[in-house]
file protein07.cif (mmCIF, C-alpha atoms)
data_data
loop_
_atom_site.group_PDB
_atom_site.id
_atom_site.type_symbol
_atom_site.label_atom_id
_atom_site.label_comp_id
_atom_site.auth_asym_id
_atom_site.auth_seq_id
_atom_site.Cartn_x
_atom_site.Cartn_y
_atom_site.Cartn_z
ATOM 1 C CA MET A 89 63.192 -58.792 -103.623
ATOM 2 C CA ALA A 90 59.988 -57.557 -102.302
ATOM 3 C CA SER A 91 60.297 -54.888 -99.733
ATOM 4 C CA LYS A 92 58.629 -55.447 -96.419
ATOM 5 C CA SER A 93 56.913 -52.702 -94.642
ATOM 6 C CA PHE A 94 57.206 -52.687 -90.892
ATOM 7 C CA LYS A 95 54.520 -51.235 -88.652
ATOM 8 C CA ARG A 96 55.665 -49.865 -85.373
ATOM 9 C CA LYS A 97 53.878 -51.597 -82.547
ATOM 10 C CA PRO A 98 52.424 -49.303 -79.992
ATOM 11 C CA ASN A 99 54.270 -49.216 -76.708
ATOM 12 C CA SER A 100 51.454 -50.313 -74.431
ATOM 13 C CA LYS A 101 53.529 -49.837 -71.291
ATOM 14 C CA ARG A 102 54.254 -46.164 -72.055
ATOM 15 C CA SER A 103 50.614 -45.550 -73.041
ATOM 16 C CA ARG A 104 49.380 -46.937 -69.799
ATOM 17 C CA SER A 105 51.869 -44.820 -67.869
ATOM 18 C CA LYS A 106 50.764 -41.627 -69.621
ATOM 19 C CA SER A 107 47.112 -42.465 -68.986
ATOM 20 C CA ALA A 108 47.715 -43.082 -65.307
ATOM 21 C CA SER A 109 49.718 -39.886 -65.003
ATOM 22 C CA SER A 110 46.943 -37.909 -66.693
ATOM 23 C CA MET A 111 44.320 -39.369 -64.354
ATOM 24 C CA ALA A 112 46.448 -38.600 -61.319
ATOM 25 C CA SER A 113 46.933 -35.037 -62.499
ATOM 26 C CA SER A 114 43.190 -34.604 -63.086
ATOM 27 C CA LYS A 115 42.390 -36.011 -59.658
ATOM 28 C CA HIS A 116 44.928 -33.708 -58.013
ATOM 29 C CA LEU A 117 43.452 -30.716 -59.851
ATOM 30 C CA TYR A 118 39.929 -31.749 -58.809
ATOM 31 C CA LEU A 119 40.930 -32.110 -55.149
ATOM 32 C CA ARG A 120 42.700 -28.789 -55.289
ATOM 33 C CA LYS A 121 39.567 -27.122 -56.637
ATOM 34 C CA ILE A 122 37.478 -28.741 -53.892
ATOM 35 C CA PHE A 123 39.949 -27.541 -51.251
ATOM 36 C CA ILE A 124 39.909 -23.984 -52.615
ATOM 37 C CA LEU A 125 36.086 -24.006 -52.771
ATOM 38 C CA LYS A 126 35.834 -25.205 -49.164
ATOM 39 C CA ALA A 127 38.334 -22.573 -48.070
ATOM 40 C CA ILE A 128 36.307 -19.842 -49.783
ATOM 41 C CA ILE A 129 33.059 -21.090 -48.188
ATOM 42 C CA LEU A 130 34.732 -21.239 -44.763
ATOM 43 C CA LEU A 131 36.110 -17.709 -45.195
ATOM 44 C CA VAL A 132 32.678 -16.371 -46.204
ATOM 45 C CA CYS A 133 31.111 -18.051 -43.145
ATOM 46 C CA VAL A 134 33.722 -16.530 -40.836
ATOM 47 C CA ILE A 135 33.123 -13.072 -42.326
ATOM 48 C CA LEU A 136 29.345 -13.454 -41.913
ATOM 49 C CA VAL A 137 29.661 -14.630 -38.294
ATOM 50 C CA LEU A 138 32.022 -11.768 -37.456
ATOM 51 C CA GLY A 139 29.680 -9.299 -39.142
ATOM 52 C CA VAL A 140 26.618 -10.537 -37.250
ATOM 53 C CA SER A 141 28.542 -10.621 -33.955
ATOM 54 C CA SER A 142 29.778 -7.092 -34.573
ATOM 55 C CA ARG A 143 26.252 -5.843 -35.237
ATOM 56 C CA ILE A 144 24.909 -7.565 -32.127
ATOM 57 C CA TRP A 145 27.739 -6.128 -30.032
ATOM 58 C CA LYS A 146 27.188 -2.666 -31.436
ATOM 59 C CA ARG A 147 23.450 -2.943 -30.774
ATOM 60 C CA LYS A 148 24.003 -4.078 -27.190
ATOM 61 C CA SER A 149 26.638 -1.442 -26.646
ATOM 62 C CA SER A 150 24.333 1.191 -28.125
ATOM 63 C CA ASP A 151 21.437 0.016 -25.948
ATOM 64 C CA ASN A 152 23.561 0.201 -22.789
ATOM 65 C CA HIS A 153 24.924 3.640 -23.635
ATOM 66 C CA SER A 154 21.456 4.988 -24.489
ATOM 67 C CA ILE A 155 20.112 4.228 -21.011
ATOM 68 C CA GLN A 156 20.171 7.324 -18.809
ATOM 69 C CA PHE A 157 19.831 7.724 -15.069
ATOM 70 C CA TYR A 158 17.727 10.569 -13.722
ATOM 71 C CA ASP A 159 17.574 12.442 -10.478
ATOM 72 C CA TYR A 160 14.571 14.616 -9.560
ATOM 73 C CA GLU A 161 13.542 17.996 -8.207
ATOM 74 C CA VAL A 162 10.573 18.397 -5.863
ATOM 75 C CA VAL A 163 8.540 21.363 -7.078
ATOM 76 C CA ASN A 164 5.476 21.064 -4.845
ATOM 77 C CA GLU A 165 3.733 18.984 -2.245
ATOM 78 C CA PHE A 166 0.042 18.498 -1.602
ATOM 79 C CA PRO A 167 -2.005 17.257 1.371
ATOM 80 C CA HIS A 168 -3.055 13.629 1.254
ATOM 81 C CA ASP A 169 -5.315 11.410 3.373
ATOM 82 C CA PRO A 170 -2.928 9.475 5.665
ATOM 83 C CA ASN A 171 -5.452 6.643 5.893
ATOM 84 C CA ALA A 172 -5.454 6.083 2.130
ATOM 85 C CA PHE A 173 -3.301 3.101 1.154
ATOM 86 C CA THR A 174 -2.754 4.477 -2.334
ATOM 87 C CA GLN A 175 -2.377 1.950 -5.160
ATOM 88 C CA GLY A 176 -3.341 3.979 -8.226
ATOM 89 C CA LEU A 177 -3.442 7.691 -9.073
ATOM 90 C CA VAL A 178 -4.937 9.474 -12.071
ATOM 91 C CA TYR A 179 -4.760 13.223 -12.669
ATOM 92 C CA GLU A 180 -7.924 14.248 -14.507
ATOM 93 C CA GLY A 181 -7.091 17.934 -14.837
ATOM 94 C CA ASN A 182 -8.785 20.877 -13.105
ATOM 95 C CA ASP A 183 -6.951 20.040 -9.861
ATOM 96 C CA THR A 184 -8.761 16.711 -9.630
ATOM 97 C CA LEU A 185 -7.329 13.290 -8.818
ATOM 98 C CA PHE A 186 -8.852 9.845 -9.028
ATOM 99 C CA GLU A 187 -7.359 7.439 -6.524
ATOM 100 C CA SER A 188 -7.553 3.688 -5.957
ATOM 101 C CA THR A 189 -6.778 2.546 -2.409
ATOM 102 C CA GLY A 190 -5.964 -0.923 -1.143
ATOM 103 C CA LEU A 191 -6.143 -3.164 1.921
ATOM 104 C CA TYR A 192 -8.964 -5.595 2.557
ATOM 105 C CA GLN A 193 -12.090 -4.014 4.077
ATOM 106 C CA ARG A 194 -10.636 -0.545 3.333
ATOM 107 C CA SER A 195 -10.300 -0.480 -0.456
ATOM 108 C CA SER A 196 -12.022 2.267 -2.419
ATOM 109 C CA VAL A 197 -12.089 4.452 -5.517
ATOM 110 C CA ARG A 198 -12.048 8.174 -4.794
ATOM 111 C CA LYS A 199 -12.342 11.562 -6.418
ATOM 112 C CA VAL A 200 -9.957 13.926 -4.621
ATOM 113 C CA ALA A 201 -9.315 17.670 -4.744
ATOM 114 C CA LEU A 202 -5.596 18.018 -5.408
ATOM 115 C CA GLN A 203 -5.005 21.312 -3.587
ATOM 116 C CA THR A 204 -6.810 20.398 -0.351
ATOM 117 C CA GLY A 205 -6.675 16.594 -0.326
ATOM 118 C CA LYS A 206 -10.419 16.540 0.343
ATOM 119 C CA VAL A 207 -12.195 13.348 -0.741
ATOM 120 C CA GLU A 208 -15.146 14.566 -2.783
ATOM 121 C CA ILE A 209 -16.620 11.204 -3.793
ATOM 122 C CA LEU A 210 -15.806 7.770 -2.351
ATOM 123 C CA GLN A 211 -16.936 4.432 -3.753
ATOM 124 C CA LYS A 212 -16.153 1.749 -1.189
ATOM 125 C CA MET A 213 -15.272 -1.669 -2.554
ATOM 126 C CA ASP A 214 -16.483 -5.016 -1.299
ATOM 127 C CA ASP A 215 -14.452 -6.178 1.712
ATOM 128 C CA SER A 216 -13.110 -9.170 -0.202
ATOM 129 C CA TYR A 217 -11.254 -7.013 -2.764
ATOM 130 C CA PHE A 218 -7.892 -5.278 -2.479
ATOM 131 C CA GLY A 219 -7.898 -2.276 -4.816
ATOM 132 C CA GLU A 220 -4.902 -1.813 -7.119
ATOM 133 C CA GLY A 221 -4.029 0.062 -10.356
ATOM 134 C CA LEU A 222 -6.341 2.650 -11.873
ATOM 135 C CA THR A 223 -6.520 4.499 -15.187
ATOM 136 C CA LEU A 224 -8.968 6.757 -17.019
ATOM 137 C CA LEU A 225 -9.928 6.170 -20.653
ATOM 138 C CA GLY A 226 -12.725 8.292 -22.065
ATOM 139 C CA GLU A 227 -15.548 8.426 -19.567
ATOM 140 C CA ARG A 228 -14.627 5.223 -17.778
ATOM 141 C CA LEU A 229 -12.219 4.415 -14.956
ATOM 142 C CA PHE A 230 -10.580 0.971 -15.159
ATOM 143 C CA GLN A 231 -9.439 -0.648 -11.916
ATOM 144 C CA VAL A 232 -7.739 -3.994 -11.204
ATOM 145 C CA THR A 233 -7.541 -5.884 -7.898
ATOM 146 C CA TRP A 234 -4.725 -7.715 -6.146
ATOM 147 C CA LEU A 235 -4.413 -11.528 -6.260
ATOM 148 C CA THR A 236 -7.300 -11.821 -8.713
ATOM 149 C CA LYS A 237 -7.990 -11.488 -12.416
ATOM 150 C CA ILE A 238 -11.006 -9.321 -11.638
ATOM 151 C CA GLY A 239 -11.391 -5.641 -12.422
ATOM 152 C CA PHE A 240 -14.100 -2.989 -12.344
ATOM 153 C CA LEU A 241 -15.337 -0.149 -14.538
ATOM 154 C CA TYR A 242 -16.602 3.106 -13.011
ATOM 155 C CA ASP A 243 -18.274 6.201 -14.373
ATOM 156 C CA ARG A 244 -15.872 9.122 -14.060
ATOM 157 C CA LYS A 245 -18.504 11.651 -12.928
ATOM 158 C CA LYS A 246 -20.119 9.915 -9.956
ATOM 159 C CA LEU A 247 -17.842 6.858 -9.607
ATOM 160 C CA GLN A 248 -20.808 4.571 -10.076
ATOM 161 C CA LYS A 249 -19.717 0.993 -10.680
ATOM 162 C CA LEU A 250 -20.653 0.092 -14.261
ATOM 163 C CA GLU A 251 -19.518 -3.498 -14.534
ATOM 164 C CA ARG A 252 -17.086 -6.156 -13.419
ATOM 165 C CA PHE A 253 -14.615 -7.702 -15.872
ATOM 166 C CA THR A 254 -11.907 -10.365 -15.996
ATOM 167 C CA HIS A 255 -8.482 -9.912 -17.578
ATOM 168 C CA GLN A 256 -5.719 -12.224 -18.818
ATOM 169 C CA MET A 257 -2.816 -11.020 -16.660
ATOM 170 C CA GLU A 258 -1.553 -13.264 -13.871
ATOM 171 C CA ASP A 259 -2.558 -10.674 -11.262
ATOM 172 C CA GLY A 260 -3.761 -7.077 -11.065
ATOM 173 C CA TRP A 261 -1.099 -4.518 -10.132
ATOM 174 C CA GLY A 262 -0.836 -1.481 -12.423
ATOM 175 C CA LEU A 263 -2.789 0.159 -15.250
ATOM 176 C CA ALA A 264 -2.130 3.010 -17.680
ATOM 177 C CA THR A 265 -3.369 4.153 -21.080
ATOM 178 C CA ASP A 266 -2.175 6.131 -24.087
ATOM 179 C CA GLY A 267 -5.761 7.067 -24.901
ATOM 180 C CA LYS A 268 -6.231 4.082 -27.206
ATOM 181 C CA ILE A 269 -5.085 0.923 -25.461
ATOM 182 C CA LEU A 270 -4.466 -0.143 -21.878
ATOM 183 C CA TYR A 271 -1.107 -1.128 -20.408
ATOM 184 C CA GLY A 272 -1.018 -3.482 -17.453
ATOM 185 C CA SER A 273 1.373 -5.063 -14.967
ATOM 186 C CA ASP A 274 1.004 -8.076 -12.696
ATOM 187 C CA GLY A 275 4.052 -7.858 -10.429
ATOM 188 C CA THR A 276 6.293 -9.788 -12.811
ATOM 189 C CA SER A 277 8.649 -8.391 -15.456
ATOM 190 C CA THR A 278 5.897 -8.510 -18.095
ATOM 191 C CA LEU A 279 4.343 -5.377 -19.582
ATOM 192 C CA TYR A 280 0.942 -6.108 -21.154
ATOM 193 C CA GLN A 281 -1.005 -4.301 -23.862
ATOM 194 C CA ILE A 282 -4.767 -4.781 -23.487
ATOM 195 C CA ASP A 283 -7.709 -4.036 -25.747
ATOM 196 C CA PRO A 284 -10.030 -1.765 -23.693
ATOM 197 C CA GLN A 285 -13.129 -3.137 -25.413
ATOM 198 C CA THR A 286 -12.503 -6.883 -25.069
ATOM 199 C CA LEU A 287 -10.021 -6.720 -22.156
ATOM 200 C CA LYS A 288 -7.914 -9.289 -24.025
ATOM 201 C CA VAL A 289 -4.123 -9.124 -24.053
ATOM 202 C CA THR A 290 -2.989 -8.138 -27.544
ATOM 203 C CA ARG A 291 0.762 -7.951 -26.929
ATOM 204 C CA LYS A 292 3.284 -8.314 -24.139
ATOM 205 C CA HIS A 293 6.979 -7.641 -23.500
ATOM 206 C CA ASP A 294 9.405 -9.096 -20.981
ATOM 207 C CA ILE A 295 11.275 -6.112 -19.531
ATOM 208 C CA LYS A 296 15.009 -6.628 -18.994
ATOM 209 C CA PHE A 297 17.967 -4.551 -17.843
ATOM 210 C CA ASN A 298 21.534 -5.779 -18.377
ATOM 211 C CA GLY A 299 20.142 -9.189 -19.285
ATOM 212 C CA HIS A 300 18.092 -9.569 -16.096
ATOM 213 C CA ASP A 301 14.313 -9.446 -15.685
ATOM 214 C CA VAL A 302 13.013 -6.222 -14.131
ATOM 215 C CA ARG A 303 10.588 -7.881 -11.753
ATOM 216 C CA TYR A 304 7.832 -6.360 -9.607
ATOM 217 C CA LEU A 305 6.617 -3.807 -12.152
ATOM 218 C CA ASN A 306 3.918 -2.012 -10.217
ATOM 219 C CA GLU A 307 1.900 1.135 -10.953
ATOM 220 C CA LEU A 308 2.223 2.389 -14.534
ATOM 221 C CA GLU A 309 1.957 5.751 -16.267
ATOM 222 C CA TYR A 310 2.042 6.659 -19.946
ATOM 223 C CA ILE A 311 4.248 9.775 -20.222
ATOM 224 C CA ASN A 312 5.313 11.397 -23.493
ATOM 225 C CA GLY A 313 5.356 8.150 -25.458
ATOM 226 C CA GLU A 314 6.966 6.107 -22.671
ATOM 227 C CA ILE A 315 5.726 3.759 -19.973
ATOM 228 C CA TRP A 316 6.943 4.697 -16.507
ATOM 229 C CA ALA A 317 6.738 1.857 -14.001
ATOM 230 C CA ASN A 318 7.683 2.057 -10.364
ATOM 231 C CA VAL A 319 9.350 -1.116 -9.158
ATOM 232 C CA TRP A 320 7.784 -2.467 -5.970
ATOM 233 C CA GLN A 321 9.945 -2.301 -2.821
ATOM 234 C CA THR A 322 12.481 -0.025 -4.493
ATOM 235 C CA ASP A 323 12.876 3.720 -4.967
ATOM 236 C CA CYS A 324 13.287 3.277 -8.733
ATOM 237 C CA ILE A 325 11.033 4.156 -11.656
ATOM 238 C CA ALA A 326 11.752 2.363 -14.928
ATOM 239 C CA ARG A 327 11.285 4.217 -18.216
ATOM 240 C CA ILE A 328 10.206 1.706 -20.862
ATOM 241 C CA SER A 329 9.488 1.836 -24.580
ATOM 242 C CA PRO A 330 5.913 0.597 -25.135
ATOM 243 C CA ASN A 331 6.823 -0.317 -28.732
ATOM 244 C CA ASN A 332 9.359 -3.038 -28.005
ATOM 245 C CA GLY A 333 9.769 -3.169 -24.224
ATOM 246 C CA THR A 334 13.362 -1.896 -24.152
ATOM 247 C CA MET A 335 14.630 0.015 -21.143
ATOM 248 C CA LEU A 336 15.126 3.732 -21.776
ATOM 249 C CA GLY A 337 16.263 4.910 -18.365
ATOM 250 C CA TRP A 338 15.853 4.954 -14.603
ATOM 251 C CA ILE A 339 14.582 7.645 -12.238
ATOM 252 C CA LEU A 340 16.157 7.240 -8.793
ATOM 253 C CA LEU A 341 14.182 8.605 -5.843
ATOM 254 C CA GLN A 342 16.135 7.235 -2.911
ATOM 255 C CA THR A 343 17.063 10.648 -1.577
ATOM 256 C CA LEU A 344 13.392 11.669 -1.419
ATOM 257 C CA ARG A 345 12.723 8.880 1.057
ATOM 258 C CA GLU A 346 15.943 9.552 2.964
ATOM 259 C CA GLY A 347 15.097 13.251 3.227
ATOM 260 C CA LEU A 348 11.688 12.490 4.722
ATOM 261 C CA ILE A 349 13.196 10.094 7.247
ATOM 262 C CA ALA A 350 15.748 12.743 8.204
ATOM 263 C CA ALA A 351 12.870 15.203 8.653
ATOM 264 C CA GLY A 352 11.302 12.917 11.243
ATOM 265 C CA HIS A 353 8.692 11.052 9.207
ATOM 266 C CA ASP A 354 8.200 7.444 10.281
ATOM 267 C CA LEU A 355 8.704 5.401 7.114
ATOM 268 C CA LEU A 356 9.819 2.120 8.718
ATOM 269 C CA GLU A 357 13.441 2.883 7.891
ATOM 270 C CA SER A 358 14.745 0.085 10.107
ATOM 271 C CA THR A 359 12.931 -2.597 8.133
ATOM 272 C CA GLY A 360 13.663 -1.054 4.753
ATOM 273 C CA GLN A 361 9.994 -1.377 3.828
ATOM 274 C CA SER A 362 9.278 2.165 2.742
ATOM 275 C CA PHE A 363 9.125 2.693 -0.991
ATOM 276 C CA MET A 364 7.542 4.641 -3.801
ATOM 277 C CA ARG A 365 4.183 3.149 -4.613
ATOM 278 C CA SER A 366 1.927 5.165 -6.874
ATOM 279 C CA SER A 367 2.429 7.872 -9.459
ATOM 280 C CA CYS A 368 0.407 9.975 -11.825
ATOM 281 C CA ILE A 369 1.059 12.460 -14.600
ATOM 282 C CA GLN A 370 -0.085 16.006 -15.254
ATOM 283 C CA PRO A 371 0.114 16.135 -19.074
ATOM 284 C CA ARG A 372 0.532 19.885 -19.491
ATOM 285 C CA ASN A 373 3.966 20.299 -17.937
ATOM 286 C CA THR A 374 5.077 16.753 -17.161
ATOM 287 C CA LEU A 375 4.588 17.138 -13.440
ATOM 288 C CA ILE A 376 4.844 13.713 -11.826
ATOM 289 C CA MET A 377 3.192 13.058 -8.490
ATOM 290 C CA GLU A 378 4.263 10.314 -6.152
ATOM 291 C CA THR A 379 3.123 8.914 -2.827
ATOM 292 C CA LEU A 380 5.868 7.629 -0.577
ATOM 293 C CA SER A 381 4.482 4.759 1.400
ATOM 294 C CA SER A 382 5.139 1.693 3.480
ATOM 295 C CA PHE A 383 2.862 -0.464 5.585
ATOM 296 C CA ALA A 384 1.814 2.856 7.085
ATOM 297 C CA CYS A 385 0.251 5.428 4.802
ATOM 298 C CA HIS A 386 1.708 8.863 4.167
ATOM 299 C CA GLU A 387 0.111 12.280 4.557
ATOM 300 C CA LYS A 388 1.838 14.029 1.645
ATOM 301 C CA LEU A 389 1.685 13.839 -2.122
ATOM 302 C CA TYR A 390 4.894 14.951 -3.860
ATOM 303 C CA ALA A 391 5.214 16.588 -7.248
ATOM 304 C CA TYR A 392 8.586 16.449 -8.941
ATOM 305 C CA THR A 393 10.246 16.874 -12.299
ATOM 306 C CA PRO A 394 12.962 14.453 -13.410
ATOM 307 C CA TYR A 395 16.165 15.607 -15.035
ATOM 308 C CA ALA A 396 19.104 13.733 -16.511
ATOM 309 C CA CYS A 397 21.862 12.772 -14.131
ATOM 310 C CA MET A 398 24.497 10.707 -15.931
ATOM 311 C CA LEU A 399 26.845 10.427 -12.944
ATOM 312 C CA HIS A 400 24.775 8.835 -10.209
ATOM 313 C CA LYS A 401 25.425 6.092 -7.718
ATOM 314 C CA LYS A 402 23.823 2.945 -9.096
ATOM 315 C CA VAL A 403 22.491 0.372 -6.651
ATOM 316 C CA TRP A 404 20.453 -2.277 -8.444
ATOM 317 C CA LEU A 405 18.183 -4.761 -6.723
ATOM 318 C CA PHE A 406 17.849 -7.140 -9.682
ATOM 319 C CA THR A 407 19.616 -10.497 -9.604
#
call {"tool": "encode", "arguments": {"input": "protein07.cif", "output": "structure tokens"}}
result
Amino acid sequence: MASKSFKRKPNSKRSRSKSASSMASSKHLYLRKIFILKAIILLVCVILVLGVSSRIWKRKSSDNHSIQFYDYEVVNEFPHDPNAFTQGLVYEGNDTLFESTGLYQRSSVRKVALQTGKVEILQKMDDSYFGEGLTLLGERLFQVTWLTKIGFLYDRKKLQKLERFTHQMEDGWGLATDGKILYGSDGTSTLYQIDPQTLKVTRKHDIKFNGHDVRYLNELEYINGEIWANVWQTDCIARISPNNGTMLGWILLQTLREGLIAAGHDLLESTGQSFMRSSCIQPRNTLIMETLSSFACHEKLYAYTPYACMLHKKVWLFT
């Protein structure tokens, strides 16, 4: 009897079950990998955000802590023409000042003897101009005028008017120089850098303190690598980095005004309109000179030296 060989038929049901189970397992593993990958990406993003936020916070905290407040010490006072509505001061050296005065029909550029207050040379301006900031670069005096984009160049020796120029600031308020470029202000919070040859703006910074614009930047001085700007209608001088426009400190001169009022000087105390207007620098020993003024002019020029005062009453006029 012939033997029959039997072949086992494949169990198609079990095969299909195994295949489905394998696919489900693979899918689960794939989804798990995707979930883990997303979790890792999310964690990396959180770490990056926290790191950036921490750096920003540290930078802001560092900036705030680096700002110092300064008091002052009056070391001398000099006679000054009470009829001069001072808008710009430049100390040339050899006890000589150059001064720009304002008011329509009374504006001028002057050469003044520091010790006596005597006006040695006076160049009267046209009645239609209101003289403003002044600075000396090389042999030329640069002057800007209020409510215009017009300025003038003068010869430093005889104050002869050399030429008229136009600038790109919104208005003419303050001028200073580091010996290479000009710095300008227009009564806003903007500090301008200007090419002295072309009179074109090459760079500008928006000056802020505690996140607010420091408006009404007025007369400027370049002092030991910093820009010092008095703020119009306040007794404050802002110390600014010319490199990036950051605030470095404040010089508070309120007590100078209060002392003069107490001494009997009429500075329109009742209207609160007296304020520091113009400053200049004596490079040799960092002697800063200031005229205290209001709608009436003042007969004294004050020399002072600032010093650090970390614990000082802070009254800010910026909103």
call {"tool": "atom_distance", "arguments": {"input": "protein07.cif", "atom1": "atom CA of Thr254 of chain A", "atom2": "atom CA of Leu287 of chain A"}}
result
7.4 Å
call {"tool": "resolve_selection", "arguments": {"input": "protein07.cif", "expression": "the PyMOL selection byres ((chain A and resi 281) around 9)", "output": "list in words"}}
result
Ile269, Leu270, Tyr271, Gly272, Leu279, Tyr280, Ile282, Asp283, Lys288, Val289, Thr290, Arg291, Lys292, His293 and Pro330 of chain A
call {"tool": "closest_residue", "arguments": {"input": "protein07.cif", "among": "A:Gly260, A:Gly221, A:Pro170, A:Gly226", "to": "Arg244 of chain A", "atoms": "only C-alpha atoms"}}
result
A:Gly226
call {"tool": "atom_distance", "arguments": {"input": "protein07.cif", "atom1": "atom CA of Asp169 of chain A", "atom2": "atom CA of Arg345 of chain A"}}
result
18.4 Å
call {"tool": "atom_distance", "arguments": {"input": "protein07.cif", "atom1": "atom CA of Glu208 of chain A", "atom2": "atom CA of Asn182 of chain A"}}
result
13.7 Å
call {"tool": "residues_around", "arguments": {"input": "protein07.cif", "residues": "Trp234 of chain A", "least_positions_apart": "4", "cutoff": "9 Å", "atoms": "all atoms listed in the file", "output": "list of chain:residue names"}}
result
A:Gly190, A:Tyr217, A:Phe218, A:Gly219, A:Glu220, A:Gly221, A:Ile238, A:Asp259, A:Gly260, A:Trp261, A:Asp274
call {"tool": "closest_residue", "arguments": {"input": "protein07.cif", "among": "A:Ala201, A:Cys133, A:Leu191, A:Ala317", "to": "Asn171 of chain A", "atoms": "all atoms listed in the file"}}
result
A:Leu191
call {"tool": "resolve_selection", "arguments": {"input": "protein07.cif", "expression": "the PyMOL selection byres ((chain A and resi 225) around 10)", "output": "PyMOL selection string"}}
result
chain A and resi 223-224+226-230+244+264-270+284
call {"tool": "residues_around", "arguments": {"input": "protein07.cif", "residues": "Gln211 of chain A", "least_positions_apart": "2", "cutoff": "8 Å", "atoms": "all atoms listed in the file", "output": "JSON, numbers by chain"}}
result
{"A": [196, 197, 198, 209, 213, 247, 248]}
call {"tool": "residues_around", "arguments": {"input": "protein07.cif", "residues": "Gln203 of chain A", "least_positions_apart": "6", "cutoff": "9 Å", "atoms": "all atoms listed in the file", "output": "list in words"}}
result
Phe166, Pro167, Asp183 and Thr184 of chain A
